[in-house]
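Participant: Structure file my_file03.pdb (PDB, C-alpha atoms) right here:
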```
ATOM      1  CA  MET A 981     196.286  52.319 148.577  1.00  0.00           C
ATOM      2  CA  MET A 982     194.629  49.550 146.540  1.00  0.00           C
ATOM      3  CA  THR A 983     191.202  50.668 147.756  1.00  0.00           C
ATOM      4  CA  TYR A 984     191.823  54.239 146.570  1.00  0.00           C
ATOM      5  CA  LEU A 985     193.113  53.025 143.178  1.00  0.00           C
ATOM      6  CA  THR A 986     190.141  50.724 142.798  1.00  0.00           C
ATOM      7  CA  ALA A 987     187.758  53.580 143.476  1.00  0.00           C
ATOM      8  CA  VAL A 988     189.474  55.830 140.903  1.00  0.00           C
ATOM      9  CA  LEU A 989     189.363  53.115 138.238  1.00  0.00           C
ATOM     10  CA  SER A 990     185.690  52.438 138.932  1.00  0.00           C
ATOM     11  CA  LEU A 991     184.843  56.129 138.567  1.00  0.00           C
ATOM     12  CA  LEU A 992     186.816  56.351 135.312  1.00  0.00           C
ATOM     13  CA  TYR A 993     184.947  53.324 133.983  1.00  0.00           C
ATOM     14  CA  ILE A 994     181.567  54.902 134.771  1.00  0.00           C
ATOM     15  CA  VAL A 995     182.505  58.157 132.997  1.00  0.00           C
ATOM     16  CA  LEU A 996     183.812  56.398 129.910  1.00  0.00           C
ATOM     17  CA  THR A 997     180.768  54.145 129.746  1.00  0.00           C
ATOM     18  CA  GLY A 998     178.473  57.173 129.969  1.00  0.00           C
ATOM     19  CA  MET A 999     180.316  58.911 127.141  1.00  0.00           C
ATOM     20  CA  VAL A1000     179.970  55.836 124.927  1.00  0.00           C
ATOM     21  CA  CYS A1001     176.234  55.626 125.662  1.00  0.00           C
ATOM     22  CA  THR A1002     175.798  59.314 124.831  1.00  0.00           C
ATOM     23  CA  GLU A1003     177.668  58.913 121.558  1.00  0.00           C
ATOM     24  CA  GLU A1004     175.567  55.888 120.674  1.00  0.00           C
ATOM     25  CA  GLN A1005     172.337  57.809 121.432  1.00  0.00           C
ATOM     26  CA  ASP A1006     173.465  60.749 119.277  1.00  0.00           C
ATOM     27  CA  HIS A1007     174.381  58.310 116.530  1.00  0.00           C
ATOM     28  CA  TYR A1008     170.966  56.697 116.625  1.00  0.00           C
ATOM     29  CA  LYS A1009     169.301  60.125 116.685  1.00  0.00           C
ATOM     30  CA  ARG A1010     171.239  61.180 113.584  1.00  0.00           C
ATOM     31  CA  LEU A1011     170.206  57.943 111.915  1.00  0.00           C
ATOM     32  CA  LEU A1012     166.535  58.562 112.742  1.00  0.00           C
ATOM     33  CA  LEU A1013     166.641  62.158 111.492  1.00  0.00           C
ATOM     34  CA  ASN A1014     168.156  61.061 108.209  1.00  0.00           C
ATOM     35  CA  ASP A1015     165.848  58.051 107.834  1.00  0.00           C
ATOM     36  CA  PRO A1016     163.654  58.536 104.670  1.00  0.00           C
ATOM     37  CA  ASP A1017     160.747  56.739 106.330  1.00  0.00           C
ATOM     38  CA  VAL A1018     160.859  59.123 109.275  1.00  0.00           C
ATOM     39  CA  ILE A1019     161.035  62.145 106.973  1.00  0.00           C
ATOM     40  CA  ASN A1020     158.151  60.840 104.862  1.00  0.00           C
ATOM     41  CA  SER A1021     156.064  60.170 107.950  1.00  0.00           C
ATOM     42  CA  ARG A1022     156.670  63.692 109.205  1.00  0.00           C
ATOM     43  CA  LEU A1023     155.735  65.162 105.818  1.00  0.00           C
ATOM     44  CA  ILE A1024     152.510  63.137 105.790  1.00  0.00           C
ATOM     45  CA  ASN A1025     151.615  64.349 109.298  1.00  0.00           C
ATOM     46  CA  LEU A1026     152.422  67.934 108.338  1.00  0.00           C
ATOM     47  CA  GLU A1027     150.254  67.722 105.220  1.00  0.00           C
ATOM     48  CA  LYS A1028     147.396  66.240 107.251  1.00  0.00           C
ATOM     49  CA  SER A1029     147.695  69.049 109.801  1.00  0.00           C
ATOM     50  CA  MET A1030     147.580  71.663 107.019  1.00  0.00           C
ATOM     51  CA  GLN A1031     144.497  70.011 105.514  1.00  0.00           C
ATOM     52  CA  ASP A1032     142.831  70.073 108.930  1.00  0.00           C
ATOM     53  CA  VAL A1033     143.593  73.797 109.254  1.00  0.00           C
ATOM     54  CA  VAL A1034     142.195  74.510 105.771  1.00  0.00           C
ATOM     55  CA  ARG A1035     139.042  72.493 106.499  1.00  0.00           C
ATOM     56  CA  LEU A1036     138.472  74.271 109.818  1.00  0.00           C
ATOM     57  CA  THR A1037     139.002  77.641 108.131  1.00  0.00           C
ATOM     58  CA  GLN A1038     136.460  76.791 105.439  1.00  0.00           C
ATOM     59  CA  GLN A1039     133.956  75.622 108.044  1.00  0.00           C
ATOM     60  CA  GLN A1040     134.453  78.849 109.988  1.00  0.00           C
ATOM     61  CA  GLN A1041     133.918  80.937 106.836  1.00  0.00           C
ATOM     62  CA  THR A1042     130.768  78.952 106.008  1.00  0.00           C
ATOM     63  CA  MET A1043     129.412  79.485 109.523  1.00  0.00           C
ATOM     64  CA  GLN A1044     130.160  83.212 109.355  1.00  0.00           C
ATOM     65  CA  SER A1045     128.408  83.456 105.977  1.00  0.00           C
ATOM     66  CA  THR A1046     125.382  81.562 107.327  1.00  0.00           C
ATOM     67  CA  ILE A1047     125.206  83.800 110.399  1.00  0.00           C
ATOM     68  CA  ALA A1048     125.402  86.913 108.196  1.00  0.00           C
ATOM     69  CA  GLN A1049     122.594  85.586 105.971  1.00  0.00           C
ATOM     70  CA  LEU A1050     120.411  84.848 109.007  1.00  0.00           C
ATOM     71  CA  GLN A1051     121.064  88.302 110.424  1.00  0.00           C
ATOM     72  CA  ASN A1052     120.132  89.933 107.112  1.00  0.00           C
ATOM     73  CA  ALA A1053     117.004  87.796 106.901  1.00  0.00           C
ATOM     74  CA  LEU A1054     115.987  88.827 110.411  1.00  0.00           C
ATOM     75  CA  LEU A1055     116.572  92.480 109.603  1.00  0.00           C
ATOM     76  CA  ASN A1056     114.553  92.227 106.397  1.00  0.00           C
ATOM     77  CA  ASP A1057     111.710  90.490 108.233  1.00  0.00           C
ATOM     78  CA  ARG A1058     111.489  93.199 110.869  1.00  0.00           C
ATOM     79  CA  GLY A1059     108.708  95.718 110.490  1.00  0.00           C
ATOM     80  CA  SER A1060     105.992  97.544 112.394  1.00  0.00           C
ATOM     81  CA  THR A1061     102.584  98.638 111.177  1.00  0.00           C
ATOM     82  CA  TYR A1062     100.492 101.762 111.615  1.00  0.00           C
ATOM     83  CA  ILE A1063      97.423 103.383 110.014  1.00  0.00           C
ATOM     84  CA  ARG A1064      97.847 106.658 108.205  1.00  0.00           C
ATOM     85  CA  TRP A1065      94.518 108.386 108.721  1.00  0.00           C
ATOM     86  CA  GLY A1066      93.340 110.859 106.092  1.00  0.00           C
ATOM     87  CA  ARG A1067      95.620 109.647 103.282  1.00  0.00           C
ATOM     88  CA  LYS A1068      95.329 107.044 100.508  1.00  0.00           C
ATOM     89  CA  GLN A1069      98.995 106.054 100.565  1.00  0.00           C
ATOM     90  CA  CYS A1070     101.951 105.679 102.934  1.00  0.00           C
ATOM     91  CA  SER A1071     104.921 107.975 103.398  1.00  0.00           C
ATOM     92  CA  GLY A1072     108.479 107.787 104.612  1.00  0.00           C
ATOM     93  CA  VAL A1073     111.593 105.848 103.607  1.00  0.00           C
ATOM     94  CA  ASN A1074     111.453 102.022 103.548  1.00  0.00           C
ATOM     95  CA  THR A1075     107.679 102.042 104.040  1.00  0.00           C
ATOM     96  CA  GLU A1076     105.263  99.847 102.088  1.00  0.00           C
ATOM     97  CA  MET A1077     101.492 100.063 101.823  1.00  0.00           C
ATOM     98  CA  LEU A1078      99.647  96.892 102.816  1.00  0.00           C
ATOM     99  CA  TYR A1079      96.318  98.294 101.636  1.00  0.00           C
ATOM    100  CA  THR A1080      94.395 101.515 101.199  1.00  0.00           C
ATOM    101  CA  GLY A1081      90.764 101.990 102.123  1.00  0.00           C
ATOM    102  CA  PHE A1082      88.050 103.789 104.041  1.00  0.00           C
ATOM    103  CA  ALA A1083      87.958 105.108 107.602  1.00  0.00           C
ATOM    104  CA  ALA A1084      84.873 103.756 109.388  1.00  0.00           C
ATOM    105  CA  GLY A1085      83.269 103.508 112.815  1.00  0.00           C
ATOM    106  CA  GLN A1086      80.004 103.306 114.753  1.00  0.00           C
ATOM    107  CA  LYS A1087      77.275 105.765 113.715  1.00  0.00           C
ATOM    108  CA  TYR A1088      77.595 108.851 115.897  1.00  0.00           C
ATOM    109  CA  HIS A1089      74.032 108.465 117.213  1.00  0.00           C
ATOM    110  CA  HIS A1090      71.076 106.108 116.903  1.00  0.00           C
ATOM    111  CA  ILE A1091      67.846 107.656 118.213  1.00  0.00           C
ATOM    112  CA  GLN A1092      68.295 107.671 122.024  1.00  0.00           C
ATOM    113  CA  TYR A1093      71.066 105.058 122.244  1.00  0.00           C
ATOM    114  CA  TYR A1094      74.688 105.963 122.802  1.00  0.00           C
ATOM    115  CA  GLY A1095      76.310 102.553 123.126  1.00  0.00           C
ATOM    116  CA  GLY A1096      78.480 100.586 120.744  1.00  0.00           C
ATOM    117  CA  PRO A1097      82.223 100.361 120.096  1.00  0.00           C
ATOM    118  CA  ALA A1098      84.470 103.382 120.362  1.00  0.00           C
ATOM    119  CA  ASN A1099      87.373 102.433 118.124  1.00  0.00           C
ATOM    120  CA  MET A1100      87.746 103.269 114.440  1.00  0.00           C
ATOM    121  CA  LEU A1101      88.665 100.869 111.616  1.00  0.00           C
ATOM    122  CA  CYS A1102      90.521 101.200 108.337  1.00  0.00           C
ATOM    123  CA  LEU A1103      88.482  99.082 105.904  1.00  0.00           C
ATOM    124  CA  PRO A1104      90.307  97.801 102.793  1.00  0.00           C
ATOM    125  CA  ASN A1105      88.972  98.863  99.400  1.00  0.00           C
ATOM    126  CA  ASN A1106      88.957  95.243  98.165  1.00  0.00           C
ATOM    127  CA  PRO A1107      86.732  93.476 100.742  1.00  0.00           C
ATOM    128  CA  GLU A1108      85.684  89.842 100.620  1.00  0.00           C
ATOM    129  CA  ILE A1109      81.954  90.193 101.303  1.00  0.00           C
ATOM    130  CA  SER A1110      80.096  87.795 103.608  1.00  0.00           C
ATOM    131  CA  ASN A1111      77.006  86.013 102.282  1.00  0.00           C
ATOM    132  CA  ARG A1112      75.135  86.341 105.595  1.00  0.00           C
ATOM    133  CA  THR A1113      72.788  89.151 106.678  1.00  0.00           C
ATOM    134  CA  ALA A1114      73.585  90.487 110.173  1.00  0.00           C
ATOM    135  CA  PRO A1115      70.862  91.486 112.721  1.00  0.00           C
ATOM    136  CA  GLY A1116      72.082  95.112 112.859  1.00  0.00           C
ATOM    137  CA  SER A1117      72.658  95.891 116.548  1.00  0.00           C
ATOM    138  CA  SER A1118      76.230  96.881 115.696  1.00  0.00           C
ATOM    139  CA  LEU A1119      76.649  99.322 112.818  1.00  0.00           C
ATOM    140  CA  LEU A1120      79.690 100.236 110.752  1.00  0.00           C
ATOM    141  CA  VAL A1121      79.506 103.413 108.696  1.00  0.00           C
ATOM    142  CA  GLY A1122      81.956 105.608 106.835  1.00  0.00           C
ATOM    143  CA  THR A1123      83.741 108.488 108.519  1.00  0.00           C
ATOM    144  CA  GLU A1124      83.211 112.105 107.428  1.00  0.00           C
ATOM    145  CA  TYR A1125      85.203 115.243 108.157  1.00  0.00           C
ATOM    146  CA  ARG A1126      83.502 117.906 110.260  1.00  0.00           C
ATOM    147  CA  ASP A1127      84.536 121.319 111.647  1.00  0.00           C
ATOM    148  CA  GLY A1128      84.090 123.135 108.322  1.00  0.00           C
ATOM    149  CA  ASN A1129      87.418 123.761 106.619  1.00  0.00           C
ATOM    150  CA  PHE A1130      89.590 123.331 109.697  1.00  0.00           C
ATOM    151  CA  PHE A1131      91.484 120.281 108.447  1.00  0.00           C
ATOM    152  CA  VAL A1132      91.824 121.528 104.858  1.00  0.00           C
ATOM    153  CA  THR A1133      89.746 123.649 102.481  1.00  0.00           C
ATOM    154  CA  GLY A1134      86.642 121.784 101.291  1.00  0.00           C
ATOM    155  CA  ALA A1135      86.964 119.004 103.879  1.00  0.00           C
ATOM    156  CA  ASN A1136      83.542 119.367 105.506  1.00  0.00           C
ATOM    157  CA  THR A1137      81.324 116.279 104.954  1.00  0.00           C
ATOM    158  CA  GLU A1138      83.971 114.650 102.730  1.00  0.00           C
ATOM    159  CA  ASP A1139      84.681 110.948 103.409  1.00  0.00           C
ATOM    160  CA  VAL A1140      87.962 110.040 105.109  1.00  0.00           C
ATOM    161  CA  PRO A1141      90.486 107.680 103.468  1.00  0.00           C
ATOM    162  CA  CYS A1142      93.143 105.650 105.268  1.00  0.00           C
ATOM    163  CA  ALA A1143      96.083 103.358 104.522  1.00  0.00           C
ATOM    164  CA  LEU A1144      97.623 100.484 106.449  1.00  0.00           C
ATOM    165  CA  CYS A1145     101.402 100.876 106.290  1.00  0.00           C
ATOM    166  CA  ARG A1146     104.424  98.782 107.233  1.00  0.00           C
ATOM    167  CA  SER A1147     107.672 100.452 108.201  1.00  0.00           C
ATOM    168  CA  ALA A1148     110.581  98.121 107.344  1.00  0.00           C
ATOM    169  CA  ASN A1149     113.518  97.485 109.726  1.00  0.00           C
ATOM    170  CA  THR A1150     111.519  98.665 112.741  1.00  0.00           C
ATOM    171  CA  SER A1151     109.868  96.803 115.589  1.00  0.00           C
ATOM    172  CA  SER A1152     107.657  99.479 117.153  1.00  0.00           C
ATOM    173  CA  SER A1153     105.298 102.173 115.887  1.00  0.00           C
ATOM    174  CA  ILE A1154     103.654 104.639 118.239  1.00  0.00           C
ATOM    175  CA  MET A1155     101.379 107.668 118.036  1.00  0.00           C
ATOM    176  CA  ILE A1156     102.430 110.546 120.297  1.00  0.00           C
ATOM    177  CA  PRO A1157      99.728 113.158 120.996  1.00  0.00           C
ATOM    178  CA  GLY A1158     100.942 116.681 121.697  1.00  0.00           C
ATOM    179  CA  ARG A1159     104.108 116.333 119.575  1.00  0.00           C
ATOM    180  CA  GLU A1160     104.972 116.857 115.924  1.00  0.00           C
ATOM    181  CA  SER A1161     108.496 115.419 116.048  1.00  0.00           C
ATOM    182  CA  CYS A1162     109.986 112.120 117.225  1.00  0.00           C
ATOM    183  CA  ASP A1163     112.690 111.527 119.808  1.00  0.00           C
ATOM    184  CA  SER A1164     116.253 110.797 118.720  1.00  0.00           C
ATOM    185  CA  GLY A1165     116.564 107.346 117.157  1.00  0.00           C
ATOM    186  CA  TRP A1166     112.932 107.260 115.991  1.00  0.00           C
ATOM    187  CA  LYS A1167     111.734 107.789 112.414  1.00  0.00           C
ATOM    188  CA  ILE A1168     108.818 110.120 111.598  1.00  0.00           C
ATOM    189  CA  GLU A1169     106.188 108.303 109.558  1.00  0.00           C
ATOM    190  CA  TYR A1170     103.820 111.273 109.446  1.00  0.00           C
ATOM    191  CA  ASN A1171     102.461 114.039 111.667  1.00  0.00           C
ATOM    192  CA  GLY A1172      99.142 115.810 111.883  1.00  0.00           C
ATOM    193  CA  ILE A1173      96.293 116.907 114.153  1.00  0.00           C
ATOM    194  CA  LEU A1174      94.632 114.828 116.867  1.00  0.00           C
ATOM    195  CA  ALA A1175      91.006 114.081 115.959  1.00  0.00           C
ATOM    196  CA  SER A1176      88.033 112.151 117.358  1.00  0.00           C
ATOM    197  CA  GLY A1177      84.253 112.109 117.562  1.00  0.00           C
ATOM    198  CA  SER A1178      82.357 114.864 119.371  1.00  0.00           C
ATOM    199  CA  TYR A1179      81.938 114.720 123.175  1.00  0.00           C
ATOM    200  CA  SER A1180      78.189 115.064 122.626  1.00  0.00           C
ATOM    201  CA  HIS A1181      78.092 111.919 120.464  1.00  0.00           C
ATOM    202  CA  LYS A1182      78.978 108.287 121.056  1.00  0.00           C
ATOM    203  CA  PRO A1183      82.428 107.505 122.462  1.00  0.00           C
ATOM    204  CA  SER A1184      85.159 107.537 119.844  1.00  0.00           C
ATOM    205  CA  SER A1185      88.862 106.762 119.719  1.00  0.00           C
ATOM    206  CA  TYR A1186      91.486 109.448 119.237  1.00  0.00           C
ATOM    207  CA  LEU A1187      93.556 109.211 116.072  1.00  0.00           C
ATOM    208  CA  CYS A1188      96.303 111.179 114.355  1.00  0.00           C
ATOM    209  CA  LEU A1189      94.827 112.724 111.199  1.00  0.00           C
ATOM    210  CA  ASP A1190      97.467 113.525 108.576  1.00  0.00           C
ATOM    211  CA  SER A1191      98.422 117.197 108.348  1.00  0.00           C
ATOM    212  CA  HIS A1192      97.570 117.136 104.616  1.00  0.00           C
ATOM    213  CA  PRO A1193      94.376 115.071 104.463  1.00  0.00           C
ATOM    214  CA  GLU A1194      92.782 113.801 101.268  1.00  0.00           C
ATOM    215  CA  PHE A1195      89.172 112.956 100.360  1.00  0.00           C
ATOM    216  CA  LEU A1196      87.607 109.846  98.936  1.00  0.00           C
ATOM    217  CA  GLN A1197      86.389 110.237  95.371  1.00  0.00           C
ATOM    218  CA  ALA A1198      82.682 111.144  95.174  1.00  0.00           C
ATOM    219  CA  GLY A1199      82.544 111.203  98.974  1.00  0.00           C
ATOM    220  CA  GLN A1200      80.996 114.641  99.540  1.00  0.00           C
ATOM    221  CA  ASP A1201      77.586 113.582 100.698  1.00  0.00           C
ATOM    222  CA  ASN A1202      76.352 114.372 104.188  1.00  0.00           C
ATOM    223  CA  LYS A1203      75.230 110.980 105.508  1.00  0.00           C
ATOM    224  CA  ASP A1204      75.764 111.786 109.213  1.00  0.00           C
ATOM    225  CA  GLY A1205      77.609 108.535 109.702  1.00  0.00           C
ATOM    226  CA  HIS A1206      80.743 108.410 111.833  1.00  0.00           C
ATOM    227  CA  LEU A1207      81.972 111.981 112.281  1.00  0.00           C
ATOM    228  CA  LEU A1208      85.497 113.262 112.837  1.00  0.00           C
ATOM    229  CA  TYR A1209      86.345 116.508 114.633  1.00  0.00           C
ATOM    230  CA  ALA A1210      89.552 118.281 115.588  1.00  0.00           C
ATOM    231  CA  THR A1211      90.432 117.792 119.260  1.00  0.00           C
ATOM    232  CA  ARG A1212      91.222 120.837 121.390  1.00  0.00           C
ATOM    233  CA  THR A1213      92.633 121.305 124.858  1.00  0.00           C
ATOM    234  CA  LYS A1214      90.542 122.286 127.868  1.00  0.00           C
ATOM    235  CA  CYS A1215      92.511 123.627 130.817  1.00  0.00           C
ATOM    236  CA  GLY A1216      91.500 122.683 134.344  1.00  0.00           C
ATOM    237  CA  SER A1217      92.320 119.090 135.098  1.00  0.00           C
ATOM    238  CA  LEU A1218      94.678 119.369 132.092  1.00  0.00           C
ATOM    239  CA  ALA A1219      97.795 121.235 133.177  1.00  0.00           C
ATOM    240  CA  CYS A1220      98.206 124.680 131.569  1.00  0.00           C
ATOM    241  CA  PRO A1221     101.070 125.284 131.150  1.00  0.00           C
ATOM    242  CA  PRO A1222     102.571 123.376 129.506  1.00  0.00           C
ATOM    243  CA  TYR A1223      99.321 123.168 127.491  1.00  0.00           C
ATOM    244  CA  VAL A1224      97.261 126.147 126.334  1.00  0.00           C
ATOM    245  CA  ASP A1225      93.460 126.372 126.474  1.00  0.00           C
ATOM    246  CA  ASN A1226      91.360 125.827 123.326  1.00  0.00           C
ATOM    247  CA  MET A1227      94.303 124.873 121.089  1.00  0.00           C
ATOM    248  CA  ALA A1228      94.366 122.073 118.529  1.00  0.00           C
ATOM    249  CA  ILE A1229      96.659 119.208 119.496  1.00  0.00           C
ATOM    250  CA  ASN A1230      99.538 118.123 117.299  1.00  0.00           C
ATOM    251  CA  CYS A1231     100.350 114.457 116.873  1.00  0.00           C
ATOM    252  CA  VAL A1232     103.048 112.341 115.266  1.00  0.00           C
ATOM    253  CA  VAL A1233     103.499 108.667 114.359  1.00  0.00           C
ATOM    254  CA  CYS A1234     107.013 107.374 115.011  1.00  0.00           C
ATOM    255  CA  SER A1235     108.742 104.074 114.283  1.00  0.00           C
ATOM    256  CA  LYS A1236     111.940 102.456 115.529  1.00  0.00           C
TER     257      LYS A1236
END
```
Represent the structure from my file as structure tokens, please.

Facilitator:
Amino acid sequence: MMTYLTAVLSLLYIVLTGMVCTEEQDHYKRLLLNDPDVINSRLINLEKSMQDVVRLTQQQQTMQSTIAQLQNALLNDRGSTYIRWGRKQCSGVNTEMLYTGFAAGQKYHHIQYYGGPANMLCLPNNPEISNRTAPGSSLLVGTEYRDGNFFVTGANTEDVPCALCRSANTSSSIMIPGRESCDSGWKIEYNGILASGSYSHKPSSYLCLDSHPEFLQAGQDNKDGHLLYATRTKCGSLACPPYVDNMAINCVVCSK
């Protein structure tokens, strides 16, 4: 009987002691929550956290602004170049002219020799002249229209102008022979007729001559320099269809 009573009293003591401890803990908690120092410390920490958030937000906005500026700078710096043959100026939206000048190439013949470069050049009209005399094995002469009035009325023997152009916000410029329009997503810079030197003369590069060619002032003088002819198709090894025999070939310059 005494053992049972002792056990009951011990259990009651443990319960009461636990209740007192809990009340004391709650009391101390209430004291801490109402302590001005604790409240002030929490306010200071909260203010510091808010300042950190504001600073991070400002840094993020600054980074976003910097990224946007860099992206705009990259877009503005993008550009591709092309030569507009047969014109003194450039065309198209967001296109600037780097210089205007004279179409030139190797003389179409030189006695019995048919060597020399095949490409054409667009010479600027404000050259910086060398002070050295060259031997003369390589010649550079102005380009003249041939084929009568095929390109435009009065074109025969007139000198050919050109312009070096830069298309802004693009990275590629291409000349497509056999087309007069560009694929979707590409911008038309200009279109025209494919032209080159004669097959009976020195090798020459193909170029896209503008569909509305101009002449150089006081250029109508037959010097038999570098000559430019319209290019036509010749069926056989060239598939016909889709091509047609003896037809002039369209061309277009596209940028993207």

Participant: For this structure, which residues satisfy the selection - the PyMOL selection byres ((chain A and resi 1105-1116) around 8) - when it is evaluated on the file as given? I want them as a list in words.

Facilitator: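 What the PyMOL selection byres ((chain A and resi 1105-1116) around 8) grabs from the file is Tyr1079, Thr1080, Gly1081, Phe1082, Leu1103, Pro1104, Ser1117, Ser1118 and Leu1119 of chain A.
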
Participant: Those residues with C-alpha atoms, as an mmCIF file, keeping the file's coordinate frame please?

Facilitator:
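The new file selection-v7.cif reads:
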```cif
data_model
loop_
_atom_site.group_PDB
_atom_site.id
_atom_site.type_symbol
_atom_site.label_atom_id
_atom_site.label_comp_id
_atom_site.auth_asym_id
_atom_site.auth_seq_id
_atom_site.Cartn_x
_atom_site.Cartn_y
_atom_site.Cartn_z
ATOM 1 C CA TYR A 1079 96.318 98.294 101.636
ATOM 2 C CA THR A 1080 94.395 101.515 101.199
ATOM 3 C CA GLY A 1081 90.764 101.990 102.123
ATOM 4 C CA PHE A 1082 88.050 103.789 104.041
ATOM 5 C CA LEU A 1103 88.482 99.082 105.904
ATOM 6 C CA PRO A 1104 90.307 97.801 102.793
ATOM 7 C CA SER A 1117 72.658 95.891 116.548
ATOM 8 C CA SER A 1118 76.230 96.881 115.696
ATOM 9 C CA LEU A 1119 76.649 99.322 112.818
#
```

Participant: Excluding same-chain residues fewer than 3 positions from His1181 (chain A), what lies within 8 Å of it counting all atoms listed in the file, as a list in words?

Facilitator: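 The filter keeps Tyr1088, His1089, Tyr1094, Gly1177 and Ser1178 of chain A.
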
Participant: Got a sec to check which residues sit within 6 Å of (100.3, 110.2, 111.1), counting only C-alpha atoms, and write them as a count of residues only?

Facilitator: 8

Participant: Evaluate the PyMOL selection byres ((chain A and resi 1182) around 12) against this structure - the residues, as a list in words, please.

Facilitator: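 When the PyMOL selection byres ((chain A and resi 1182) around 12) is applied, the selected residues are Gly1085, Gln1086, Lys1087, Tyr1088, His1089, His1090, Ile1091, Gln1092, Tyr1093, Tyr1094, Gly1095, Gly1096, Pro1097, Ala1098, Asn1099, Ser1176, Gly1177, Ser1178, Tyr1179, Ser1180, His1181, Pro1183, Ser1184, Ser1185, Gly1205, His1206, Leu1207 and Leu1208 of chain A.
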
Participant: If the PyMOL selection byres ((chain A and resi 1126) around 6) is run on the structure shown, which residues does it catch, given as an MDAnalysis selection string?

Facilitator: chainID A and resid 1125 1127:1128 1136:1137 1208:1209

Participant: Have a look at CA of Ile1047 (chain A) and CA of Asp1032 (chain A) and let me know their distance in Å, one decimal.

Facilitator: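 That distance, rounded to one decimal, is 22.4 Å.
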
Participant: Have a look at A:Ala1135, A:Val1073, A:Val1140, A:Ile1173 and name the one nearest to Arg1159 (chain A); count all atoms listed in the file.

Facilitator: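 Closest residue, counting all atoms listed in the file: A:Ile1173.
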
Participant: Go ahead and compute the interatomic distance for CA of Gln1069 (chain A) and CA of Gln1197 (chain A), in Å to one decimal.

Facilitator: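 Between CA of Gln1069 (chain A) and CA of Gln1197 (chain A) the gap works out to 14.3 Å.
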
Participant: I want to know what sits within 10 Å of Trp1166 (chain A), based on only C-alpha atoms, with residues of the same chain fewer than 4 positions away left out; could you give that as number ranges by chain?

Facilitator: A: 1150, 1152-1154, 1161-1162, 1233-1236

Participant: Distance CA of Thr1213 (chain A)-CA of Ile1063 (chain A), one decimal place?

Facilitator: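 CA of Thr1213 (chain A) sits 23.8 Å away from CA of Ile1063 (chain A).
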